[in-house]
Amino acid sequence: MKFGILINEGPFTHQASDSAYRFVVAALAKGHEIYRVFFYNDGVYNANKLSEPQTDDRNLVALWSALAEEHSLDLVVCVAAALRRGIKDEVLKDGFRISGLGQLVEAGIQADRMVVFGD
Amino acid sequence: MKFGILINEGPFTHQASDSAYRFVVAALAKGHEIYRVFFYNDGVYNANKLSEPQTDDRNLVALWSALAEEHSLDLVVCVAAALRRGIKDEVLKDGFRISGLGQLVEAGIQADRMVVFGD
Amino acid sequence: MEDFDDDGPEIIKRFMYVNRRAPYGTIYALECLEVVLVAAAFDQDVSVVFVDDGVCQLKKNQDTTEIGMKNFSRTYGALDDYDVEKIYVEKESLEARGLTVDDLVIPVEVVAAAQLQVIMAQQDVVISS
Amino acid sequence: MEDFDDDGPEIIKRFMYVNRRAPYGTIYALECLEVVLVAAAFDQDVSVVFVDDGVCQLKKNQDTTEIGMKNFSRTYGALDDYDVEKIYVEKESLEARGLTVDDLVIPVEVVAAAQLQVIMAQQDVVISS
Amino acid sequence: MSSMLHIVNKSPFDRNALDSCLRLAGSGSAILLIEDGVYAAVAKAAQADKITGRMGDCSFYALGPDIAARGLSDISLIDGIQVVDYEGFVDLVAEHGATQSWL
Amino acid sequence: MSSMLHIVNKSPFDRNALDSCLRLAGSGSAILLIEDGVYAAVAKAAQADKITGRMGDCSFYALGPDIAARGLSDISLIDGIQVVDYEGFVDLVAEHGATQSWL
């Protein structure tokens with residue numbers, strides 16, 4: 001089955017991105033396809049490559065990036081939400097791309113299920 | 001009277017930074033002193049100079065920076081909260097400085113009143 | 001605007017955008033509206049629901065001058081221009097907040113919770129924020 | 001550690017740190033704990049309050065292995081080493097959540113809302129998150 | 001030290017912040033509603049009795065700019081709630097003891 | 001289309017998300033508690049009757065990893081709530097129709 005994922009909060013402050021990450025890992029393990037992960041609202045902060053958690057903490061920016069490389073995931077950061085929050089190409093982690101809200105709607109159309117993670 | 005201000009949320013997603021900004025402007029207009037504005041939790045995102053709001057929207061990063069210059073405000077971004085969220089010197093707006101949590105406690109000691117703005 | 005007709009047979013799904021937050025205190029109301037305006041350009045069956053504090057987004061006479069934030073309440077009027085016509089407001093939420101349809105900035109369909117249960121259950125995609 | 005004695009007569013204020021949020025769902029519990037550990041090094045009168053979902057921060061037997069987040073519940077035990085001894089838990093909040101003091105990871109003083117009113121009213125600085 | 005100022009910035013419909021504030025604010029406290037907290041000031045709202053129940057021993061304020069932003073200027077507020085602007089907010093902080101924000 | 005899956009990630013003490021979900025979830029819905037939503041699953045909690053009141057016509061699930069993280073593994077949960085792991089979460093999404101998150 002094809003899943004679309006929407007993440008509305010950044011790493012750290014809310015558990016949303018953690019929960020989404022673990023959901024995606026579990027879905028892939030079960031043989032499902034992840035059509036797209038769309039980052040909206042503060043979710044765009046998940047793509048900030050300058051993020052440097054404490055060494056004994058998880059690093060969601062790196063985890064998403066590595067998962068994208070391993071499974072060819074399409075991680076899309078909303079351009080409008082990102083621009084106002086200062087997430088631009090110069091701080092964008094490998095594996096993420098910036099695009100428009102149409103990509104969220106398209107994920108809703110193409111995926112069999114859409115799951116939203118937020119605050 | 002000397003006020004200390006604590007801001008726990010970033011620009012845009014919550015009104016906290018807007019409310020704090022308007023409070024500080026009003027306090028200055030009434031002749032009060034702002035001992036320090038401390039940015040904690042997601043509040044550190046207020047210092048991201050890459051932030052580029054729509055042209056018809058307010059730009060809190062720029063507003064805080066300009067207010068700091070005009071009134072010699074001490075805008076302190078918590079280093080621990082900032083590091084994990086990827087707010088570092090290379091994206092730090094003029095007028096903000098990065099320092100430790102002791103600066104928050106010190107503001108509590110030195111200011112006559114501490115006001116917290118958050119989610 | 002993107003056109004996915006070339007990708008295969010056209011898919012038309014029922015999309016529901018659920019608003020449960022007050023405006024200005026958080027950005028969710030505004031950023032959800034931005035999604036709906038984009039979504040309207042796709043050839044899908046779109047509905048927008050206002051429930052809980054979401055009904056406050058539609059209150060008339062918003063004036064944000066003194067808080068310095070952009071007043072986006074007039075933009076709801078554009079939903080009609082974008083052919084977004086299924087706009088539901090939950091009756092119980094409206095009443096609990098001391099509001100009536102006369103207080104709202106656009107015409108809406110007021111539905112009781114029991115009706116909204118049915119409408120929600122018919123959706124293919126539910127986007128909340 | 002900073003020392004402000006040289007700046008003039010020593011000021012000792014009553015600082016209260018108020019925890020009203022559950023752990024892990026949001027970072028506020030962890031980042032508030034980080035503030036308290038720094039604050040303890042200053043020569044001030046520090047108290048920490050757990051009220052509403054904040055009482056859940058102190059629940060024993062937290063195991064975060066499967067959610068992949070750092071388990072910081074043992075760090076509350078360090079408050080005593082830092083001479084933070086005024087740790088209050090609101091009785092009403094604890095009971096509403098089906099918990100008792102035996103469920104908590106550190107010894108605390110359980111206070112009723114009426115007592116907590118008095119303690120809060122004595123503070124000079126209240127930091128909430 | 002004079003009485004405390006409590007600040008509530010959350011809708012009483014969405015969160016428990018106002019409930020907790022009213023439970024833990026001592027007699028004589030000042031309570032200021034800002035941001036989404038101003039929805040608690042609406043006279044006809046289902047939650048209005050929460051505030052009227054403490055009107056006798058606490059003083060209540062609401063931030064006018066937040067009321068206007070949310071379109072509540074044409075709505076009746078609970079009798080006895082005083083509307084202040086940002087300068088009034090500053091005065092409230094200065095005139096009271098510690099300030100507590102119920103985030 | 002089969003019945004909906006509703007996801008609640010908020011504490012029932014702090015927010016109105018569970019209340020709204022229970023009011024608007026149709027008969028036959030599945031309701032999954034994740035993150036701080038798992039506090040609603042505690043049998044002795046003051047809010048427990050909210051869920052027991054819908055136990056007859058909805059099915060309830062709670063995410064085990066979030067229960068364990070919050071130290072609730074040694075606490076009695078409401079009878080009838082099924083504990084699932086992340087793979088069970090994925091199955092619930094796949095087996096139901098649309099998913100609605102009560103943020």
# chains A, B, ... in the order shown; residues from 1 in each chain; ligands from 1
>>> interface_residues(of="chain A", to="chain D", cutoff="12 Å", atoms="only C-alpha atoms", output="PyMOL selection string")
chain A and resi 9-23+25-26+53-60+63+117-119
>>> interface_residues(of="chain E", to="chain D", cutoff="12 Å", atoms="only C-alpha atoms", output="MDAnalysis selection string")
chainID E and resid 1:8 15:30 96:103
>>> write_last_selection(atoms="N, CA, C and O atoms", output="short mmCIF file (atom, residue, chain, number, x, y, z; two decimals), in the first residue's frame")
data_model
loop_
_atom_site.label_atom_id
_atom_site.label_comp_id
_atom_site.auth_asym_id
_atom_site.auth_seq_id
_atom_site.Cartn_x
_atom_site.Cartn_y
_atom_site.Cartn_z
N MET E 1 5.27 42.02 49.31
CA MET E 1 5.04 41.89 47.88
C MET E 1 3.54 41.96 47.59
O MET E 1 2.74 41.30 48.25
N SER E 2 3.18 42.73 46.61
CA SER E 2 1.76 42.88 46.27
C SER E 2 1.26 41.63 45.55
O SER E 2 2.02 40.71 45.28
N SER E 3 -0.01 41.59 45.21
CA SER E 3 -0.62 40.39 44.64
C SER E 3 -0.05 40.08 43.26
O SER E 3 0.48 40.94 42.57
N MET E 4 -0.21 38.83 42.86
CA MET E 4 0.35 38.36 41.58
C MET E 4 -0.51 38.74 40.38
O MET E 4 -1.71 38.92 40.50
N LEU E 5 0.17 38.78 39.24
CA LEU E 5 -0.52 38.90 37.95
C LEU E 5 -0.41 37.55 37.23
O LEU E 5 0.71 37.06 37.02
N HIS E 6 -1.55 36.99 36.90
CA HIS E 6 -1.58 35.74 36.13
C HIS E 6 -1.97 36.05 34.69
O HIS E 6 -2.91 36.81 34.46
N ILE E 7 -1.25 35.47 33.75
CA ILE E 7 -1.53 35.70 32.33
C ILE E 7 -1.98 34.39 31.69
O ILE E 7 -1.29 33.37 31.81
N VAL E 8 -3.13 34.44 31.03
CA VAL E 8 -3.65 33.24 30.35
C VAL E 8 -3.76 33.55 28.86
O VAL E 8 -4.45 34.49 28.46
N ARG E 15 -7.83 24.27 25.97
CA ARG E 15 -6.80 23.87 26.94
C ARG E 15 -7.30 24.03 28.37
O ARG E 15 -8.26 24.74 28.63
N ASN E 16 -6.53 23.47 29.29
CA ASN E 16 -6.89 23.58 30.71
C ASN E 16 -6.22 24.76 31.41
O ASN E 16 -6.29 24.86 32.63
N ALA E 17 -5.56 25.65 30.67
CA ALA E 17 -4.77 26.71 31.30
C ALA E 17 -5.62 27.62 32.19
O ALA E 17 -5.23 27.95 33.32
N LEU E 18 -6.79 28.04 31.72
CA LEU E 18 -7.64 28.92 32.53
C LEU E 18 -8.12 28.18 33.78
O LEU E 18 -8.12 28.74 34.87
N ASP E 19 -8.53 26.93 33.61
CA ASP E 19 -8.97 26.14 34.77
C ASP E 19 -7.88 26.09 35.84
O ASP E 19 -8.14 26.30 37.01
N SER E 20 -6.68 25.79 35.41
CA SER E 20 -5.58 25.67 36.37
C SER E 20 -5.26 27.01 37.00
O SER E 20 -4.99 27.10 38.20
N CYS E 21 -5.29 28.05 36.20
CA CYS E 21 -5.04 29.40 36.74
C CYS E 21 -6.08 29.73 37.80
O CYS E 21 -5.73 30.19 38.89
N LEU E 22 -7.34 29.48 37.50
CA LEU E 22 -8.40 29.84 38.45
C LEU E 22 -8.33 28.97 39.71
O LEU E 22 -8.70 29.41 40.79
N ARG E 23 -7.83 27.75 39.58
CA ARG E 23 -7.70 26.87 40.74
C ARG E 23 -6.54 27.30 41.64
O ARG E 23 -6.59 27.15 42.86
N LEU E 24 -5.49 27.86 41.02
CA LEU E 24 -4.26 28.10 41.78
C LEU E 24 -3.93 29.58 42.01
O LEU E 24 -2.98 29.90 42.73
N ALA E 25 -4.71 30.47 41.45
CA ALA E 25 -4.49 31.90 41.72
C ALA E 25 -5.12 32.25 43.06
O ALA E 25 -6.28 31.94 43.32
N GLY E 26 -4.32 32.88 43.93
CA GLY E 26 -4.82 33.24 45.24
C GLY E 26 -5.83 34.37 45.19
O GLY E 26 -5.94 35.09 44.18
N SER E 27 -6.56 34.51 46.26
CA SER E 27 -7.51 35.60 46.39
C SER E 27 -6.78 36.94 46.23
O SER E 27 -5.68 37.11 46.76
N GLY E 28 -7.38 37.84 45.49
CA GLY E 28 -6.73 39.13 45.28
C GLY E 28 -5.85 39.19 44.05
O GLY E 28 -5.30 40.24 43.71
N SER E 29 -5.72 38.07 43.34
CA SER E 29 -4.88 38.05 42.13
C SER E 29 -5.53 38.85 41.01
O SER E 29 -6.75 39.01 40.97
N ALA E 30 -4.67 39.32 40.11
CA ALA E 30 -5.14 39.90 38.86
C ALA E 30 -4.93 38.86 37.77
O ALA E 30 -3.90 38.17 37.75
N HIS E 96 1.88 44.87 39.94
CA HIS E 96 1.71 43.65 40.73
C HIS E 96 3.05 43.05 41.10
O HIS E 96 4.10 43.54 40.67
N GLY E 97 2.99 41.97 41.91
CA GLY E 97 4.22 41.27 42.26
C GLY E 97 4.67 40.41 41.10
O GLY E 97 4.69 40.88 39.97
N ALA E 98 5.00 39.18 41.38
CA ALA E 98 5.46 38.30 40.31
C ALA E 98 4.35 38.07 39.28
O ALA E 98 3.17 38.13 39.58
N THR E 99 4.79 37.81 38.06
CA THR E 99 3.89 37.50 36.95
C THR E 99 4.01 36.02 36.63
O THR E 99 5.12 35.50 36.54
N GLN E 100 2.89 35.36 36.51
CA GLN E 100 2.91 33.94 36.12
C GLN E 100 2.14 33.73 34.84
O GLN E 100 0.95 34.06 34.76
N SER E 101 2.80 33.14 33.84
CA SER E 101 2.15 32.84 32.57
C SER E 101 1.73 31.38 32.56
O SER E 101 2.55 30.49 32.78
N TRP E 102 0.45 31.15 32.31
CA TRP E 102 -0.08 29.78 32.31
C TRP E 102 0.01 29.19 30.91
O TRP E 102 -1.00 29.08 30.21
N LEU E 103 1.21 28.81 30.51
CA LEU E 103 1.44 28.33 29.15
C LEU E 103 0.97 26.90 28.99
O LEU E 103 0.76 26.20 29.94
#
>>> interface_residues(of="chain A", to="chain B", cutoff="6 Å", atoms="only C-alpha atoms", output="list of chain:residue names")
A:Leu50, A:Ser51, A:Glu52, A:Pro53, A:Leu83, A:Arg84, A:Arg85, A:Gly86
>>> residues_around(residues="Phe3 in chain B", least_positions_apart="5", cutoff="6 Å", atoms="only C-alpha atoms", output="list of chain:residue names")
B:Ile34, B:Tyr35, B:Ala111, B:Asp112, B:Arg113, B:Met114
>>> residues_around(residues="Glu109 in chain D", least_positions_apart="5", cutoff="8 Å", atoms="only C-alpha atoms", output="PyMOL selection string")
chain D and resi 86-89
